[in-house]
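**Q** Input structure: final.txt, which contains compact mmCIF, C-alpha atoms.
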```
# COMPACT_ATOMS: atom_id res chain seq x y z
CA MET V 1 0.54 -39.06 11.76
CA THR V 2 -2.53 -38.33 9.70
CA SER V 3 -6.13 -38.91 10.67
CA SER V 4 -8.13 -41.66 9.01
CA MET V 5 -10.33 -39.11 7.24
CA GLU V 6 -7.32 -37.26 5.84
CA TRP V 7 -5.85 -40.57 4.66
CA ILE V 8 -9.17 -41.51 3.00
CA ARG V 9 -9.38 -38.12 1.24
CA ARG V 10 -5.80 -38.38 0.00
CA GLN V 11 -5.91 -42.04 -1.03
CA TYR V 12 -9.29 -42.15 -2.79
CA ASP V 13 -9.69 -38.49 -3.89
CA VAL V 14 -13.07 -38.19 -2.19
CA PRO V 15 -14.28 -35.16 -0.17
CA ALA V 16 -15.24 -37.22 2.92
CA ARG V 17 -15.56 -35.16 6.13
CA HIS V 18 -17.18 -35.72 9.53
CA LYS V 19 -20.88 -34.75 9.54
CA MET V 20 -20.97 -34.53 5.73
CA ARG V 21 -24.27 -35.45 4.10
CA ILE V 22 -23.90 -38.20 1.49
CA GLU V 23 -26.08 -40.59 -0.44
CA TYR V 24 -25.52 -44.31 0.09
CA ASP V 25 -27.27 -46.76 -2.20
CA GLY V 26 -29.93 -44.15 -2.97
CA ARG V 27 -30.59 -43.25 0.69
CA ALA V 28 -29.51 -40.08 2.52
CA ALA V 29 -26.86 -40.53 5.23
CA THR V 30 -24.40 -38.60 7.43
CA ILE V 31 -20.73 -39.49 7.91
CA VAL V 32 -20.00 -40.07 11.62
CA GLY V 33 -16.38 -41.21 11.43
CA ALA V 34 -13.85 -43.59 9.99
CA ARG V 35 -12.62 -47.03 10.92
CA GLY V 36 -9.26 -47.53 9.29
CA PRO V 37 -9.75 -47.21 5.53
CA TYR V 38 -13.56 -47.42 5.80
CA LEU V 39 -16.20 -44.75 6.38
CA ARG V 40 -18.78 -45.02 9.14
CA PHE V 41 -22.09 -43.31 8.47
CA ARG V 42 -25.65 -43.30 9.73
CA ILE V 43 -28.45 -43.74 7.20
CA ASP V 44 -31.39 -41.42 7.93
CA GLY V 45 -34.04 -43.21 10.02
CA GLU V 46 -31.72 -46.00 11.23
CA LYS V 47 -30.21 -46.36 14.70
CA ARG V 48 -27.06 -48.28 13.77
CA THR V 49 -24.08 -47.03 11.82
CA THR V 50 -22.98 -48.60 8.56
CA THR V 51 -19.34 -49.16 7.60
CA SER V 52 -18.40 -49.14 3.93
CA HIS V 53 -15.57 -48.47 1.52
CA PRO V 54 -15.35 -44.74 0.59
CA THR V 55 -15.96 -45.41 -3.10
CA TYR V 56 -18.59 -48.18 -2.88
CA ARG V 57 -22.15 -46.98 -3.61
CA ILE V 58 -21.49 -43.56 -2.03
CA VAL V 59 -22.39 -40.34 -3.84
CA TYR V 60 -20.70 -37.23 -2.44
CA PRO V 61 -22.05 -33.70 -2.91
CA PRO V 62 -20.13 -31.47 -5.33
CA VAL V 63 -17.35 -29.57 -3.56
CA PRO V 64 -15.41 -26.75 -5.29
CA GLU V 65 -11.68 -26.96 -5.92
CA PRO V 66 -9.40 -24.94 -3.61
CA ALA V 67 -9.01 -21.25 -4.48
CA ARG V 68 -5.21 -21.53 -4.32
CA PRO V 69 -3.40 -24.50 -5.86
CA ARG V 70 -2.37 -27.05 -3.25
CA GLY V 71 -0.50 -30.33 -3.31
CA TRP V 72 0.60 -33.23 -1.13
CA CYS V 73 4.26 -32.82 -0.12
CA LYS V 74 6.28 -35.95 -1.00
CA HIS V 75 8.42 -35.67 2.12
CA CYS V 76 6.10 -34.75 5.01
CA VAL V 77 2.93 -36.08 3.26
CA LYS V 78 0.89 -33.02 4.25
CA ASP V 79 -1.53 -30.80 2.34
CA ARG V 80 0.54 -27.68 1.51
CA ALA V 81 0.19 -24.54 -0.63
CA MET V 82 1.93 -24.46 -3.99
CA THR V 83 3.62 -21.56 -5.75
CA ARG V 84 2.57 -20.22 -9.15
CA ASP V 85 5.38 -22.32 -10.66
CA GLY V 86 3.62 -25.52 -9.56
CA VAL V 87 6.12 -26.49 -6.83
CA MET V 88 5.63 -26.82 -3.10
CA GLY V 89 5.97 -23.55 -1.18
CA SER V 90 8.44 -23.15 1.66
CA HIS V 91 7.16 -24.88 4.80
CA ARG V 92 8.47 -26.44 8.00
CA TRP V 93 8.09 -29.95 9.32
CA GLY V 94 8.53 -31.80 12.61
CA GLY V 95 11.42 -34.10 11.71
CA ARG V 96 14.24 -33.06 14.04
CA GLY V 97 12.59 -29.83 15.12
CA TRP V 98 9.88 -27.44 14.01
CA SER V 99 12.49 -24.90 12.94
CA GLU V 100 13.75 -27.09 10.08
CA ARG V 101 12.64 -26.45 6.53
CA CYS V 102 10.96 -29.46 4.95
CA PRO V 103 13.10 -31.18 2.27
CA GLY V 104 9.99 -31.25 0.06
CA SER V 105 9.90 -27.43 -0.18
CA GLY V 106 10.51 -26.20 -3.72
CA LYS V 107 9.86 -29.61 -5.29
CA ALA V 108 6.92 -30.94 -7.29
CA PRO V 109 3.99 -32.25 -5.21
CA TRP V 110 3.21 -35.94 -4.84
CA LYS V 111 -0.25 -35.23 -6.28
CA PRO V 112 -2.62 -32.24 -6.41
CA VAL V 113 -5.09 -31.61 -3.60
CA ARG V 114 -8.75 -31.84 -4.47
CA ASN V 115 -11.95 -31.36 -2.50
CA GLN V 116 -10.64 -28.60 -0.21
CA THR V 117 -8.88 -30.88 2.22
CA HIS V 118 -7.08 -28.05 4.02
CA PRO V 119 -9.08 -26.79 7.04
CA GLY V 120 -8.22 -23.15 6.28
CA GLU V 121 -9.96 -23.31 2.90
CA GLN V 122 -13.25 -25.00 3.81
CA GLY V 123 -15.19 -21.85 4.72
CA ALA V 124 -18.94 -21.94 4.22
CA ALA V 125 -18.76 -24.61 1.49
CA ALA V 126 -18.07 -27.42 3.98
```
Please lay out the structure from this file as structure tokens.
**A**
Amino acid sequence: MTSSMEWIRRQYDVPARHKMRIEYDGRAATIVGARGPYLRFRIDGEKRTTTSHPTYRIVYPPVPEPARPRGWCKHCVKDRAMTRDGVMGSHRWGGRGWSERCPGSGKAPWKPVRNQTHPGEQGAAA
């Protein structure tokens, strides 16, 4: 099961993260969470949170691409590292047990990962 933020990043190709500074309709804001497919954020100077679609009137800061190529595995639908050949690297999944190799290993990704969605590659940029 993926988190709402991960689903939003994957579905809309946006770099949305908790506590990220964004611009909404020309005003500075901070993302405080997600509610289903919508982002919740607090506009600077306001007490209440605003809920909006991740692509509607929101300007995200520029975020660099991952250092290593990554992709979304078609089978386990997770952000995984890719090999130099452009296929998914060998990884495990929790289908019948964590010791099983994922059937998506060695196959082309569902789509490339953008916006450093993998926690191990965020570093100081996030």
**Q** Would you work out the distance separating atom CA of Arg68 of chain V from atom CA of Val87 of chain V, expressed in Å to one decimal?
**A**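 Going from atom CA of Arg68 of chain V over to atom CA of Val87 of chain V covers 12.6 Å.
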**Q** From the list V:Ala29, V:Val113, V:Cys102, V:Val77, which residue is nearest Val14 of chain V when using only C-alpha atoms?
**A**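 Using only C-alpha atoms, Val14 of chain V sits closest to V:Val113.
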**Q** For a quick check of understanding, using all atoms listed in the file, which of V:Trp7, V:Trp72, V:Ile58, V:Arg92 has the smallest distance to Ile31 of chain V?
**A**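 Smallest separation from Ile31 of chain V among the options: V:Ile58.
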**Q** Applying 12 Å and only C-alpha atoms, which residues near Arg48 of chain V remain after dropping the ones on its own chain fewer than 5 positions away? List them as number ranges by chain.
**A** V: 29-30, 32, 40-43
**Q** I'd like to know which of V:Tyr56, V:Arg10, V:Glu46, V:Met5 is closest to Ala34 of chain V, using all atoms listed in the file.
**A**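 Of V:Tyr56, V:Arg10, V:Glu46, V:Met5, the one nearest Ala34 of chain V is V:Met5, counting all atoms listed in the file.
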**Q** Taking all atoms of segment 32-42 of chain V that the file lists, what box with edges along x, y and z, padded by 3 Å per side, do you get, with centre and edge lengths in Å to one decimal, as lines of an AutoDock Vina configuration file?
**A**
```
center_x = -17.5
center_y = -43.8
center_z = 8.6
size_x = 22.4
size_y = 13.5
size_z = 12.1
```
**Q** Could you tell me how far atom CA of Ser4 of chain V lies from atom CA of Val63 of chain V, in Å and to one decimal?
**A**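 Distance between the two atoms: 19.7 Å.
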**Q** Need the shell around Arg80 of chain V: protein/DNA/RNA residues with any atom at most 8 Å away, counting all atoms listed in the file. Skip same-chain ones fewer than 2 positions apart. Format as a PyMOL selection string?
**A** chain V and resi 70-73+78+82+88-89+91
**Q** Output C-alpha atoms of each residue in that selection to a file, as an mmCIF file, keeping the file's coordinate frame.
**A**
```cif
data_model
loop_
_atom_site.group_PDB
_atom_site.id
_atom_site.type_symbol
_atom_site.label_atom_id
_atom_site.label_comp_id
_atom_site.auth_asym_id
_atom_site.auth_seq_id
_atom_site.Cartn_x
_atom_site.Cartn_y
_atom_site.Cartn_z
ATOM 1 C CA ARG V 70 -2.370 -27.050 -3.250
ATOM 2 C CA GLY V 71 -0.500 -30.330 -3.310
ATOM 3 C CA TRP V 72 0.600 -33.230 -1.130
ATOM 4 C CA CYS V 73 4.260 -32.820 -0.120
ATOM 5 C CA LYS V 78 0.890 -33.020 4.250
ATOM 6 C CA MET V 82 1.930 -24.460 -3.990
ATOM 7 C CA MET V 88 5.630 -26.820 -3.100
ATOM 8 C CA GLY V 89 5.970 -23.550 -1.180
ATOM 9 C CA HIS V 91 7.160 -24.880 4.800
#
```
**Q** Separation of atom CA of Trp110 of chain V and atom CA of His53 of chain V, in Å?
**A**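 Straight-line distance from atom CA of Trp110 of chain V to atom CA of His53 of chain V works out to 23.5 Å.
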**Q** What's around Arg57 of chain V at 7 Å? Count all atoms listed in the file, leave out sequence neighbours fewer than 2 positions away in its own chain, and write the answer as a ChimeraX atom specification.
**A** /V:24-25,55,59
**Q** Please provide as an mmCIF file with C-alpha atoms, in the coordinates of the input all residues within 9 Å of Pro103 of chain V, with the sequence filter that same-chain residues fewer than 5 positions apart are discarded (counting all atoms listed in the file).
**A**
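Output (part.cif):
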```cif
data_model
loop_
_atom_site.group_PDB
_atom_site.id
_atom_site.type_symbol
_atom_site.label_atom_id
_atom_site.label_comp_id
_atom_site.auth_asym_id
_atom_site.auth_seq_id
_atom_site.Cartn_x
_atom_site.Cartn_y
_atom_site.Cartn_z
ATOM 1 C CA LYS V 74 6.280 -35.950 -1.000
ATOM 2 C CA HIS V 75 8.420 -35.670 2.120
ATOM 3 C CA CYS V 76 6.100 -34.750 5.010
ATOM 4 C CA ARG V 92 8.470 -26.440 8.000
ATOM 5 C CA TRP V 93 8.090 -29.950 9.320
#
```
**Q** Which is closer to Tyr38 of chain V than all the others in V:Gly26, V:Arg21, V:Glu6, V:Pro112, using all atoms listed in the file?
**A**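 Among V:Gly26, V:Arg21, V:Glu6, V:Pro112, it is V:Glu6 that comes nearest to Tyr38 of chain V.
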**Q** Of the residues V:Pro109, V:Ala67, V:Gly104, V:Thr51, which is the one nearest to Gly36 of chain V, using all atoms listed in the file?
**A** V:Thr51
**Q** For each of V:Pro62, V:Lys111, V:Gly33, V:Arg84, take the minimum atom-to-atom distance to Lys19 of chain V, counting all atoms listed in the file, then give the residue where this is smallest.
**A**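 With all atoms listed in the file as the atom set, the closest residue is V:Gly33.
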